[in-house]
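Here's data03.pdb, which has PDB, C-alpha atoms and all ligand atoms:
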ATOM      1  CA  MET A   1       3.109 -18.712   4.969  1.00  0.00           C
ATOM      2  CA  ASN A   2       3.040 -20.492   8.125  1.00  0.00           C
ATOM      3  CA  LYS A   3       5.439 -18.830  10.513  1.00  0.00           C
ATOM      4  CA  LEU A   4       4.627 -21.360  13.176  1.00  0.00           C
ATOM      5  CA  THR A   5       2.304 -24.302  13.586  1.00  0.00           C
ATOM      6  CA  SER A   6      -0.498 -24.207  16.151  1.00  0.00           C
ATOM      7  CA  SER A   7       1.860 -25.615  18.786  1.00  0.00           C
ATOM      8  CA  PRO A   8       5.219 -24.460  17.488  1.00  0.00           C
ATOM      9  CA  THR A   9       8.281 -26.492  18.212  1.00  0.00           C
ATOM     10  CA  ALA A  10      11.411 -24.569  19.085  1.00  0.00           C
ATOM     11  CA  ALA A  11      12.842 -25.749  15.764  1.00  0.00           C
ATOM     12  CA  ALA A  12       9.903 -24.410  13.787  1.00  0.00           C
ATOM     13  CA  GLU A  13      10.002 -21.116  15.596  1.00  0.00           C
ATOM     14  CA  SER A  14      13.685 -20.578  15.067  1.00  0.00           C
ATOM     15  CA  LEU A  15      13.681 -21.752  11.443  1.00  0.00           C
ATOM     16  CA  CYS A  16      10.552 -19.897  10.332  1.00  0.00           C
ATOM     17  CA  LEU A  17      11.544 -16.674  12.032  1.00  0.00           C
ATOM     18  CA  SER A  18      14.818 -16.781  10.102  1.00  0.00           C
ATOM     19  CA  CYS A  19      13.002 -17.500   6.862  1.00  0.00           C
ATOM     20  CA  GLY A  20       9.657 -15.983   5.911  1.00  0.00           C
ATOM     21  CA  LEU A  21       9.882 -17.278   2.333  1.00  0.00           C
ATOM     22  CA  CYS A  22       6.345 -18.680   2.369  1.00  0.00           C
ATOM     23  CA  CYS A  23       4.909 -15.260   3.318  1.00  0.00           C
ATOM     24  CA  ASN A  24       7.169 -12.780   1.529  1.00  0.00           C
ATOM     25  CA  GLY A  25       6.352 -13.533  -2.119  1.00  0.00           C
ATOM     26  CA  VAL A  26       9.319 -15.799  -2.849  1.00  0.00           C
ATOM     27  CA  LEU A  27       7.562 -19.185  -2.647  1.00  0.00           C
ATOM     28  CA  PHE A  28       4.017 -18.096  -3.518  1.00  0.00           C
ATOM     29  CA  LYS A  29       2.286 -15.298  -5.362  1.00  0.00           C
ATOM     30  CA  ASP A  30      -0.960 -15.652  -3.419  1.00  0.00           C
ATOM     31  CA  VAL A  31      -2.777 -17.781  -0.857  1.00  0.00           C
ATOM     32  CA  GLU A  32      -6.293 -19.093  -1.265  1.00  0.00           C
ATOM     33  CA  LEU A  33      -8.820 -19.021   1.556  1.00  0.00           C
ATOM     34  CA  ARG A  34     -10.245 -22.377   2.589  1.00  0.00           C
ATOM     35  CA  GLU A  35     -13.307 -23.736   4.278  1.00  0.00           C
ATOM     36  CA  GLY A  36     -13.372 -22.399   7.805  1.00  0.00           C
ATOM     37  CA  ASP A  37     -11.932 -18.992   6.909  1.00  0.00           C
ATOM     38  CA  ASN A  38     -14.049 -15.945   7.628  1.00  0.00           C
ATOM     39  CA  ALA A  39     -13.322 -13.574   4.738  1.00  0.00           C
ATOM     40  CA  GLU A  40     -14.966 -10.527   6.294  1.00  0.00           C
ATOM     41  CA  GLN A  41     -13.096 -10.982   9.542  1.00  0.00           C
ATOM     42  CA  LEU A  42      -9.769 -11.445   7.736  1.00  0.00           C
ATOM     43  CA  GLU A  43     -10.411  -8.273   5.752  1.00  0.00           C
ATOM     44  CA  SER A  44     -11.264  -6.390   8.912  1.00  0.00           C
ATOM     45  CA  ILE A  45      -7.854  -7.232  10.388  1.00  0.00           C
ATOM     46  CA  GLY A  46      -6.015  -6.069   7.287  1.00  0.00           C
ATOM     47  CA  LEU A  47      -5.772  -8.907   4.755  1.00  0.00           C
ATOM     48  CA  PRO A  48      -6.538  -7.470   1.294  1.00  0.00           C
ATOM     49  CA  LEU A  49      -8.689 -10.141  -0.348  1.00  0.00           C
ATOM     50  CA  GLU A  50      -9.199 -10.638  -4.085  1.00  0.00           C
ATOM     51  CA  ARG A  51     -12.394 -12.347  -5.202  1.00  0.00           C
ATOM     52  CA  LEU A  52     -12.121 -14.243  -8.484  1.00  0.00           C
ATOM     53  CA  LYS A  53     -15.157 -16.320  -9.428  1.00  0.00           C
ATOM     54  CA  LYS A  54     -15.615 -18.689  -6.487  1.00  0.00           C
ATOM     55  CA  LYS A  55     -12.078 -18.294  -5.137  1.00  0.00           C
ATOM     56  CA  ILE A  56     -10.908 -15.794  -2.584  1.00  0.00           C
ATOM     57  CA  ARG A  57      -7.195 -15.078  -2.299  1.00  0.00           C
ATOM     58  CA  PHE A  58      -4.789 -12.666  -0.760  1.00  0.00           C
ATOM     59  CA  PRO A  59      -1.568 -11.656  -2.470  1.00  0.00           C
ATOM     60  CA  GLN A  60       1.995 -12.211  -1.376  1.00  0.00           C
ATOM     61  CA  PRO A  61       4.151 -10.597  -0.056  1.00  0.00           C
ATOM     62  CA  CYS A  62       1.589 -10.796   2.729  1.00  0.00           C
ATOM     63  CA  ALA A  63       0.277  -7.565   4.232  1.00  0.00           C
ATOM     64  CA  ALA A  64       0.434  -9.223   7.655  1.00  0.00           C
ATOM     65  CA  LEU A  65       4.129 -10.111   7.483  1.00  0.00           C
ATOM     66  CA  CYS A  66       6.286  -8.041   9.837  1.00  0.00           C
ATOM     67  CA  GLY A  67       9.930  -7.128   9.302  1.00  0.00           C
ATOM     68  CA  ASP A  68      11.082  -9.729  11.815  1.00  0.00           C
ATOM     69  CA  ASN A  69       9.220 -12.454   9.876  1.00  0.00           C
ATOM     70  CA  ARG A  70       6.429 -12.664  12.447  1.00  0.00           C
ATOM     71  CA  CYS A  71       2.783 -12.789  11.428  1.00  0.00           C
ATOM     72  CA  ARG A  72       0.905  -9.717  12.670  1.00  0.00           C
ATOM     73  CA  ILE A  73      -2.391 -11.656  12.716  1.00  0.00           C
ATOM     74  CA  TYR A  74      -0.914 -14.919  13.934  1.00  0.00           C
ATOM     75  CA  ALA A  75      -3.774 -15.864  16.282  1.00  0.00           C
ATOM     76  CA  ASP A  76      -6.314 -15.254  13.515  1.00  0.00           C
ATOM     77  CA  ARG A  77      -4.335 -16.327  10.456  1.00  0.00           C
ATOM     78  CA  PRO A  78      -6.089 -18.189   7.625  1.00  0.00           C
ATOM     79  CA  VAL A  79      -6.535 -21.958   7.560  1.00  0.00           C
ATOM     80  CA  ARG A  80      -3.951 -22.484   4.824  1.00  0.00           C
ATOM     81  CA  CYS A  81      -1.337 -20.656   6.907  1.00  0.00           C
ATOM     82  CA  ARG A  82      -2.119 -22.867   9.913  1.00  0.00           C
ATOM     83  CA  GLN A  83      -1.787 -26.012   7.830  1.00  0.00           C
ATOM     84  CA  PHE A  84       1.257 -25.204   5.731  1.00  0.00           C
ATOM     85  CA  GLU A  85       4.677 -26.628   6.432  1.00  0.00           C
ATOM     86  CA  CYS A  86       7.307 -26.569   3.720  1.00  0.00           C
ATOM     87  CA  ALA A  87       9.386 -29.664   2.995  1.00  0.00           C
ATOM     88  CA  LEU A  88      12.360 -28.266   4.894  1.00  0.00           C
ATOM     89  CA  LEU A  89      10.371 -27.659   8.060  1.00  0.00           C
ATOM     90  CA  LYS A  90       8.870 -31.137   7.840  1.00  0.00           C
ATOM     91  CA  GLU A  91      12.340 -32.643   7.510  1.00  0.00           C
ATOM     92  CA  VAL A  92      13.597 -30.711  10.541  1.00  0.00           C
ATOM     93  CA  ASN A  93      10.577 -31.679  12.625  1.00  0.00           C
ATOM     94  CA  ALA A  94      11.039 -35.325  11.608  1.00  0.00           C
ATOM     95  CA  GLY A  95      14.682 -35.199  12.677  1.00  0.00           C
ATOM     96  CA  HIS A  96      15.954 -35.852   9.139  1.00  0.00           C
ATOM     97  CA  VAL A  97      17.730 -32.532   8.764  1.00  0.00           C
ATOM     98  CA  GLU A  98      19.841 -30.809  11.412  1.00  0.00           C
ATOM     99  CA  MET A  99      18.738 -27.357  12.407  1.00  0.00           C
ATOM    100  CA  SER A 100      22.123 -25.872  11.492  1.00  0.00           C
ATOM    101  CA  ALA A 101      21.869 -27.353   7.975  1.00  0.00           C
ATOM    102  CA  ALA A 102      18.301 -26.074   7.601  1.00  0.00           C
ATOM    103  CA  LEU A 103      19.346 -22.583   8.641  1.00  0.00           C
ATOM    104  CA  ARG A 104      22.113 -22.664   6.035  1.00  0.00           C
ATOM    105  CA  ILE A 105      19.582 -23.620   3.357  1.00  0.00           C
ATOM    106  CA  VAL A 106      17.291 -20.789   4.436  1.00  0.00           C
ATOM    107  CA  ARG A 107      20.194 -18.341   4.380  1.00  0.00           C
ATOM    108  CA  THR A 108      21.183 -19.451   0.888  1.00  0.00           C
ATOM    109  CA  ALA A 109      17.611 -19.211  -0.373  1.00  0.00           C
ATOM    110  CA  ARG A 110      17.239 -15.713   1.032  1.00  0.00           C
ATOM    111  CA  GLU A 111      20.547 -14.683  -0.532  1.00  0.00           C
ATOM    112  CA  ARG A 112      19.447 -16.056  -3.896  1.00  0.00           C
ATOM    113  CA  ALA A 113      16.109 -14.240  -3.629  1.00  0.00           C
ATOM    114  CA  GLY A 114      18.021 -11.064  -2.795  1.00  0.00           C
ATOM    115  CA  LYS A 115      20.137 -11.521  -5.890  1.00  0.00           C
ATOM    116  CA  VAL A 116      17.015 -11.844  -8.050  1.00  0.00           C
ATOM    117  CA  GLN A 117      15.671  -8.650  -6.491  1.00  0.00           C
ATOM    118  CA  ARG A 118      18.892  -6.778  -7.235  1.00  0.00           C
ATOM    119  CA  ARG A 119      18.890  -7.915 -10.869  1.00  0.00           C
ATOM    120  CA  LEU A 120      15.230  -6.883 -11.224  1.00  0.00           C
ATOM    121  CA  ALA A 121      16.086  -3.471  -9.796  1.00  0.00           C
ATOM    122  CA  GLU A 122      18.930  -3.126 -12.320  1.00  0.00           C
ATOM    123  CA  LEU A 123      16.317  -3.664 -15.012  1.00  0.00           C
ATOM    124  CA  GLY A 124      14.032  -1.022 -13.535  1.00  0.00           C
ATOM    125  CA  ASP A 125      11.660  -3.157 -11.419  1.00  0.00           C
ATOM    126  CA  THR A 126      11.697  -2.047  -7.792  1.00  0.00           C
ATOM    127  CA  ASP A 127       8.090  -3.000  -7.009  1.00  0.00           C
ATOM    128  CA  THR A 128       8.668  -5.032  -3.842  1.00  0.00           C
ATOM    129  CA  ALA A 129       4.920  -5.173  -3.186  1.00  0.00           C
ATOM    130  CA  LEU A 130       4.627  -7.910  -5.826  1.00  0.00           C
ATOM    131  CA  ALA A 131       5.649 -11.576  -5.678  1.00  0.00           C
ATOM    132  CA  LEU A 132       9.006 -12.358  -7.211  1.00  0.00           C
ATOM    133  CA  SER A 133       7.577 -14.668  -9.899  1.00  0.00           C
ATOM    134  CA  ILE A 134       5.177 -11.954 -11.105  1.00  0.00           C
ATOM    135  CA  ARG A 135       7.964  -9.392 -11.207  1.00  0.00           C
ATOM    136  CA  PHE A 136      10.196 -11.735 -13.176  1.00  0.00           C
ATOM    137  CA  ARG A 137       7.499 -12.551 -15.749  1.00  0.00           C
ATOM    138  CA  ARG A 138       6.616  -8.883 -16.137  1.00  0.00           C
ATOM    139  CA  THR A 139      10.236  -7.854 -16.581  1.00  0.00           C
ATOM    140  CA  LYS A 140      10.829 -10.697 -19.027  1.00  0.00           C
ATOM    141  CA  ARG A 141       7.884  -9.556 -21.165  1.00  0.00           C
ATOM    142  CA  ARG A 142       9.065  -5.951 -21.089  1.00  0.00           C
ATOM    143  CA  VAL A 143      12.666  -6.769 -21.919  1.00  0.00           C
ATOM    144  CA  GLU A 144      11.786  -9.230 -24.672  1.00  0.00           C
ATOM    145  CA  SER A 145       9.338  -6.841 -26.305  1.00  0.00           C
ATOM    146  CA  GLY A 146      12.026  -4.271 -27.098  1.00  0.00           C
ATOM    147  CA  ALA A 147      15.312  -4.133 -28.935  1.00  0.00           C
ATOM    148  CA  LEU A 148      17.962  -5.061 -26.354  1.00  0.00           C
ATOM    149  CA  ASP A 149      21.156  -3.122 -26.005  1.00  0.00           C
ATOM    150  CA  GLU A 150      24.165  -5.168 -24.975  1.00  0.00           C
ATOM    151  CA  GLU A 151      24.120  -4.110 -21.331  1.00  0.00           C
ATOM    152  CA  THR A 152      20.403  -4.885 -20.862  1.00  0.00           C
ATOM    153  CA  ALA A 153      20.833  -8.253 -22.546  1.00  0.00           C
ATOM    154  CA  GLU A 154      23.711  -9.043 -20.194  1.00  0.00           C
ATOM    155  CA  THR A 155      21.752  -7.991 -17.085  1.00  0.00           C
ATOM    156  CA  PHE A 156      18.731  -9.966 -18.234  1.00  0.00           C
ATOM    157  CA  SER A 157      20.803 -13.071 -18.720  1.00  0.00           C
ATOM    158  CA  ARG A 158      22.200 -12.642 -15.169  1.00  0.00           C
ATOM    159  CA  LEU A 159      18.636 -12.244 -13.891  1.00  0.00           C
ATOM    160  CA  THR A 160      17.529 -15.432 -15.653  1.00  0.00           C
ATOM    161  CA  LEU A 161      20.445 -17.318 -14.127  1.00  0.00           C
ATOM    162  CA  ALA A 162      19.649 -15.964 -10.658  1.00  0.00           C
ATOM    163  CA  VAL A 163      15.988 -17.026 -10.999  1.00  0.00           C
ATOM    164  CA  HIS A 164      17.073 -20.466 -12.139  1.00  0.00           C
ATOM    165  CA  ASP A 165      19.403 -20.885  -9.140  1.00  0.00           C
ATOM    166  CA  LEU A 166      16.685 -19.777  -6.745  1.00  0.00           C
ATOM    167  CA  ASN A 167      14.038 -22.038  -8.269  1.00  0.00           C
ATOM    168  CA  LEU A 168      16.317 -25.072  -8.103  1.00  0.00           C
ATOM    169  CA  LEU A 169      16.808 -24.584  -4.380  1.00  0.00           C
ATOM    170  CA  LEU A 170      13.119 -23.908  -3.744  1.00  0.00           C
ATOM    171  CA  ARG A 171      12.169 -27.018  -5.674  1.00  0.00           C
ATOM    172  CA  ASP A 172      14.719 -29.241  -3.950  1.00  0.00           C
ATOM    173  CA  SER A 173      14.329 -28.013  -0.389  1.00  0.00           C
ATOM    174  CA  PHE A 174      11.014 -26.213   0.139  1.00  0.00           C
ATOM    175  CA  PHE A 175       8.310 -27.620  -2.125  1.00  0.00           C
ATOM    176  CA  LEU A 176       6.720 -30.904  -1.197  1.00  0.00           C
ATOM    177  CA  HIS A 177       7.265 -33.798  -3.573  1.00  0.00           C
ATOM    178  CA  GLU A 178       4.272 -36.061  -3.160  1.00  0.00           C
TER     179      GLU A 178
HETATM  180  S1  LIG B 201      -1.367 -14.340   7.260  1.00  0.00           S
HETATM  181 FE1  LIG B 201       0.513 -14.558   8.455  1.00  0.00          FE
HETATM  182  S2  LIG B 201       1.130 -16.705   8.189  1.00  0.00           S
HETATM  183 FE2  LIG B 201      -0.371 -16.201   6.554  1.00  0.00          FE
HETATM  184  S3  LIG B 201       0.852 -15.563   4.755  1.00  0.00           S
HETATM  185 FE3  LIG B 201       0.348 -13.719   5.954  1.00  0.00          FE
HETATM  186  S4  LIG B 201       2.088 -13.405   7.341  1.00  0.00           S
HETATM  187 FE4  LIG B 201       2.181 -15.504   6.582  1.00  0.00          FE
HETATM  188  S1  LIG B 202       9.199 -21.608   3.969  1.00  0.00           S
HETATM  189 FE1  LIG B 202       9.260 -23.242   5.527  1.00  0.00          FE
HETATM  190  S2  LIG B 202      10.907 -22.687   6.935  1.00  0.00           S
HETATM  191 FE2  LIG B 202      10.361 -20.862   5.736  1.00  0.00          FE
HETATM  192  S3  LIG B 202       8.842 -19.770   7.033  1.00  0.00           S
HETATM  193 FE3  LIG B 202       7.726 -21.093   5.600  1.00  0.00          FE
HETATM  194  S4  LIG B 202       7.357 -23.024   6.714  1.00  0.00           S
HETATM  195 FE4  LIG B 202       8.974 -21.897   7.801  1.00  0.00          FE
END
Conversion result in structure tokens:
Amino acid sequence: MNKLTSSPTAAAESLCLSCGLCCNGVLFKDVELREGDNAEQLESIGLPLERLKKKIRFPQPCAALCGDNRCRIYADRPVRCRQFECALLKEVNAGHVEMSAALRIVRTARERAGKVQRRLAELGDTDTALALSIRFRRTKRRVESGALDEETAETFSRLTLAVHDLNLLLRDSFFLHE
């Protein structure tokens, strides 16, 4: 979600521009606005906001994410995006993880996310406008609600394994353990 912090280090820039996982629907399914955000202004620059009771959110994959992992509204991005740093970025900035190792982790995570997307597509879900977790849950419901032929059952079990592998890496390397 964050592409870069307000004064990006070279490490952050290089890592985040190779990654994009916090904006592209792999880490999160949505982002909540916070105090200090101007909802009307964010809508006017292209963020599609959803209002649910007192919360205002925008879905991921983010409408402001460009193909090169840059944020199209970087200068005006929401508060949460300015504040967010994943665990991996924090570790790199603290000097605990080498940049080369961090880039390998990002590459692996993106490969695993790609594998999940391919398995979803094999099961008929090609809706890349939705977050990966939503697509997986929806596909799981659909598959489990019908009688499974052998091939579908096999593909679904490969999908479940791919999601498990991805989630392990996200949990170990990207989510903060406080
Ligand atoms: S507004 Fe920018 S930084 Fe925030 S989630 Fe979207 S692309 Fe990422
Ligand atoms: S998940 Fe971490 S490394 Fe990847 S873009 Fe977001 S802050 Fe940067």
For Glu40 in chain A, list every protein, DNA or RNA residue within 10 Å, evaluated using all atoms listed in the file, and leave out those in the same chain fewer than 5 positions away; present the list as a list in words. Ile45, Leu47 and Leu49 of chain A
Which one is closest to Asn167 in chain A: A:Ala101, A:Pro78, A:Gly46, A:Leu132? Count all atoms listed in the file.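 So, comparing all the options, the nearest one is A:Leu132.
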Considering only C-alpha atoms, state which residue in the set A:Asn38, A:Asn24, A:Ser133, A:Gln117 is at the smallest distance from Gln60 in chain A.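 Of A:Asn38, A:Asn24, A:Ser133, A:Gln117, the one nearest Gln60 in chain A is A:Asn24, counting only C-alpha atoms.
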Nearest candidate to Gln41 in chain A (options A:Cys81, A:Leu15, A:Val116, A:Ile73; using all atoms listed in the file):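 Closest to Gln41 in chain A, using all atoms listed in the file: A:Ile73.
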Counting only C-alpha atoms, the residue of A:Leu176, A:Ala12, A:Leu169, A:Val92 that sits nearest Val26 in chain A: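 Once distances to Val26 in chain A are computed over only C-alpha atoms, the minimum belongs to A:Leu169.
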Given 7 Å and all atoms listed in the file, residues near ligand LIG 202 (chain B) as a count of residues only: 20
Take atom S1 of ligand LIG 201 (chain B) and CA of Asp172 in chain A and report the distance between them in Å, one decimal.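 Calculated distance between atom S1 of ligand LIG 201 (chain B) and CA of Asp172 in chain A is 24.6 Å.
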Please report the interatomic distance between CA of Ala131 in chain A and CA of Gly25 in chain A in Å with one decimal.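 Spanning CA of Ala131 in chain A to CA of Gly25 in chain A is a straight-line distance of 4.1 Å.
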For ligand LIG 201 (chain B), which of A:Arg57, A:Arg110, A:His164, A:Arg138 is the closest residue, counting all atoms listed in the file?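 With all atoms listed in the file as the atom set, the closest residue is A:Arg57.
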Evaluated on this file, the PyMOL selection byres (((chain A and resi 120) around 10) and not hetatm) picks out some residues - which ones are they, written as a PDB file with C-alpha atoms, keeping the file's coordinate frame?
ATOM      1  CA  GLY A 114      18.021 -11.064  -2.795  1.00  0.00           C
ATOM      2  CA  LYS A 115      20.137 -11.521  -5.890  1.00  0.00           C
ATOM      3  CA  VAL A 116      17.015 -11.844  -8.050  1.00  0.00           C
ATOM      4  CA  GLN A 117      15.671  -8.650  -6.491  1.00  0.00           C
ATOM      5  CA  ARG A 118      18.892  -6.778  -7.235  1.00  0.00           C
ATOM      6  CA  ARG A 119      18.890  -7.915 -10.869  1.00  0.00           C
ATOM      7  CA  ALA A 121      16.086  -3.471  -9.796  1.00  0.00           C
ATOM      8  CA  GLU A 122      18.930  -3.126 -12.320  1.00  0.00           C
ATOM      9  CA  LEU A 123      16.317  -3.664 -15.012  1.00  0.00           C
ATOM     10  CA  GLY A 124      14.032  -1.022 -13.535  1.00  0.00           C
ATOM     11  CA  ASP A 125      11.660  -3.157 -11.419  1.00  0.00           C
ATOM     12  CA  THR A 126      11.697  -2.047  -7.792  1.00  0.00           C
ATOM     13  CA  ASP A 127       8.090  -3.000  -7.009  1.00  0.00           C
ATOM     14  CA  LEU A 132       9.006 -12.358  -7.211  1.00  0.00           C
ATOM     15  CA  ARG A 135       7.964  -9.392 -11.207  1.00  0.00           C
ATOM     16  CA  PHE A 136      10.196 -11.735 -13.176  1.00  0.00           C
ATOM     17  CA  THR A 139      10.236  -7.854 -16.581  1.00  0.00           C
ATOM     18  CA  LYS A 140      10.829 -10.697 -19.027  1.00  0.00           C
ATOM     19  CA  THR A 155      21.752  -7.991 -17.085  1.00  0.00           C
ATOM     20  CA  PHE A 156      18.731  -9.966 -18.234  1.00  0.00           C
ATOM     21  CA  ARG A 158      22.200 -12.642 -15.169  1.00  0.00           C
ATOM     22  CA  LEU A 159      18.636 -12.244 -13.891  1.00  0.00           C
ATOM     23  CA  THR A 160      17.529 -15.432 -15.653  1.00  0.00           C
TER      24      THR A 160
END
Calculated over all atoms listed in the file, which of the candidates A:Ser18, A:Glu150, A:Glu98, A:Arg171 has the smallest distance to Asp68 in chain A? A:Ser18
Between CA of Lys54 in chain A and CA of Arg70 in chain A - distance in Å to one decimal: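 Straight-line distance from CA of Arg70 in chain A to CA of Lys54 in chain A works out to 29.7 Å.
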The PyMOL selection byres (((chain A and resi 59) around 7) and not hetatm) applied to the shown file, residues as a ChimeraX atom specification: /A:29-31,57-58,60-62
Would you fill the gaps in range 23-44 of chain A so it has N, CA, C and O atoms, then print it as a JSON list (two decimals), keeping the file's coordinate frame?
[["chain", "number", "residue", "atom", "x", "y", "z"],
["A", 23, "CYS", "N", 5.80, -16.42, 3.11],
["A", 23, "CYS", "CA", 4.91, -15.26, 3.32],
["A", 23, "CYS", "C", 5.36, -14.04, 2.52],
["A", 23, "CYS", "O", 4.59, -13.10, 2.35],
["A", 24, "ASN", "N", 6.61, -14.03, 2.07],
["A", 24, "ASN", "CA", 7.17, -12.78, 1.53],
["A", 24, "ASN", "C", 7.18, -12.69, 0.00],
["A", 24, "ASN", "O", 7.83, -11.82, -0.57],
["A", 25, "GLY", "N", 6.45, -13.62, -0.66],
["A", 25, "GLY", "CA", 6.35, -13.53, -2.12],
["A", 25, "GLY", "C", 7.45, -14.27, -2.87],
["A", 25, "GLY", "O", 7.53, -14.16, -4.10],
["A", 26, "VAL", "N", 8.29, -15.02, -2.16],
["A", 26, "VAL", "CA", 9.32, -15.80, -2.85],
["A", 26, "VAL", "C", 8.77, -17.18, -3.24],
["A", 26, "VAL", "O", 8.91, -17.62, -4.38],
["A", 27, "LEU", "N", 8.11, -17.86, -2.31],
["A", 27, "LEU", "CA", 7.56, -19.18, -2.65],
["A", 27, "LEU", "C", 6.23, -19.10, -3.39],
["A", 27, "LEU", "O", 5.96, -19.90, -4.28],
["A", 28, "PHE", "N", 5.39, -18.16, -2.97],
["A", 28, "PHE", "CA", 4.02, -18.10, -3.52],
["A", 28, "PHE", "C", 3.67, -16.69, -3.97],
["A", 28, "PHE", "O", 4.18, -15.72, -3.43],
["A", 29, "LYS", "N", 2.76, -16.62, -4.94],
["A", 29, "LYS", "CA", 2.29, -15.30, -5.36],
["A", 29, "LYS", "C", 0.97, -14.94, -4.69],
["A", 29, "LYS", "O", 0.59, -13.78, -4.64],
["A", 30, "ASP", "N", 0.25, -15.94, -4.19],
["A", 30, "ASP", "CA", -0.96, -15.65, -3.42],
["A", 30, "ASP", "C", -1.33, -16.88, -2.59],
["A", 30, "ASP", "O", -0.73, -17.95, -2.74],
["A", 31, "VAL", "N", -2.30, -16.68, -1.72],
["A", 31, "VAL", "CA", -2.78, -17.78, -0.86],
["A", 31, "VAL", "C", -4.30, -17.78, -0.93],
["A", 31, "VAL", "O", -4.94, -16.73, -0.81],
["A", 32, "GLU", "N", -4.85, -18.97, -1.12],
["A", 32, "GLU", "CA", -6.29, -19.09, -1.26],
["A", 32, "GLU", "C", -6.95, -19.35, 0.09],
["A", 32, "GLU", "O", -6.43, -20.15, 0.88],
["A", 33, "LEU", "N", -8.09, -18.71, 0.33],
["A", 33, "LEU", "CA", -8.82, -19.02, 1.56],
["A", 33, "LEU", "C", -9.45, -20.40, 1.43],
["A", 33, "LEU", "O", -9.73, -20.87, 0.33],
["A", 34, "ARG", "N", -9.69, -21.02, 2.57],
["A", 34, "ARG", "CA", -10.24, -22.38, 2.59],
["A", 34, "ARG", "C", -11.49, -22.41, 3.47],
["A", 34, "ARG", "O", -11.78, -21.44, 4.17],
["A", 35, "GLU", "N", -12.15, -23.56, 3.42],
["A", 35, "GLU", "CA", -13.31, -23.74, 4.28],
["A", 35, "GLU", "C", -12.89, -23.47, 5.73],
["A", 35, "GLU", "O", -11.85, -23.96, 6.16],
["A", 36, "GLY", "N", -13.72, -22.72, 6.41],
["A", 36, "GLY", "CA", -13.37, -22.40, 7.80],
["A", 36, "GLY", "C", -12.83, -20.99, 7.95],
["A", 36, "GLY", "O", -12.79, -20.45, 9.06],
["A", 37, "ASP", "N", -12.40, -20.38, 6.85],
["A", 37, "ASP", "CA", -11.93, -18.99, 6.91],
["A", 37, "ASP", "C", -13.13, -18.05, 6.89],
["A", 37, "ASP", "O", -14.11, -18.28, 6.17],
["A", 38, "ASN", "N", -13.02, -16.98, 7.63],
["A", 38, "ASN", "CA", -14.05, -15.94, 7.63],
["A", 38, "ASN", "C", -13.49, -14.73, 6.88],
["A", 38, "ASN", "O", -12.67, -13.98, 7.41],
["A", 39, "ALA", "N", -13.91, -14.60, 5.61],
["A", 39, "ALA", "CA", -13.32, -13.57, 4.74],
["A", 39, "ALA", "C", -13.50, -12.17, 5.32],
["A", 39, "ALA", "O", -12.57, -11.37, 5.32],
["A", 40, "GLU", "N", -14.70, -11.89, 5.79],
["A", 40, "GLU", "CA", -14.97, -10.53, 6.29],
["A", 40, "GLU", "C", -14.07, -10.22, 7.49],
["A", 40, "GLU", "O", -13.50, -9.13, 7.61],
["A", 41, "GLN", "N", -13.93, -11.21, 8.35],
["A", 41, "GLN", "CA", -13.10, -10.98, 9.54],
["A", 41, "GLN", "C", -11.63, -10.79, 9.15],
["A", 41, "GLN", "O", -10.94, -9.91, 9.68],
["A", 42, "LEU", "N", -11.17, -11.59, 8.17],
["A", 42, "LEU", "CA", -9.77, -11.44, 7.74],
["A", 42, "LEU", "C", -9.55, -10.08, 7.09],
["A", 42, "LEU", "O", -8.51, -9.45, 7.29],
["A", 43, "GLU", "N", -10.53, -9.62, 6.34],
["A", 43, "GLU", "CA", -10.41, -8.27, 5.75],
["A", 43, "GLU", "C", -10.37, -7.20, 6.84],
["A", 43, "GLU", "O", -9.60, -6.25, 6.77],
["A", 44, "SER", "N", -11.18, -7.42, 7.86],
["A", 44, "SER", "CA", -11.26, -6.39, 8.91],
["A", 44, "SER", "C", -9.95, -6.28, 9.70],
["A", 44, "SER", "O", -9.68, -5.26, 10.31]]
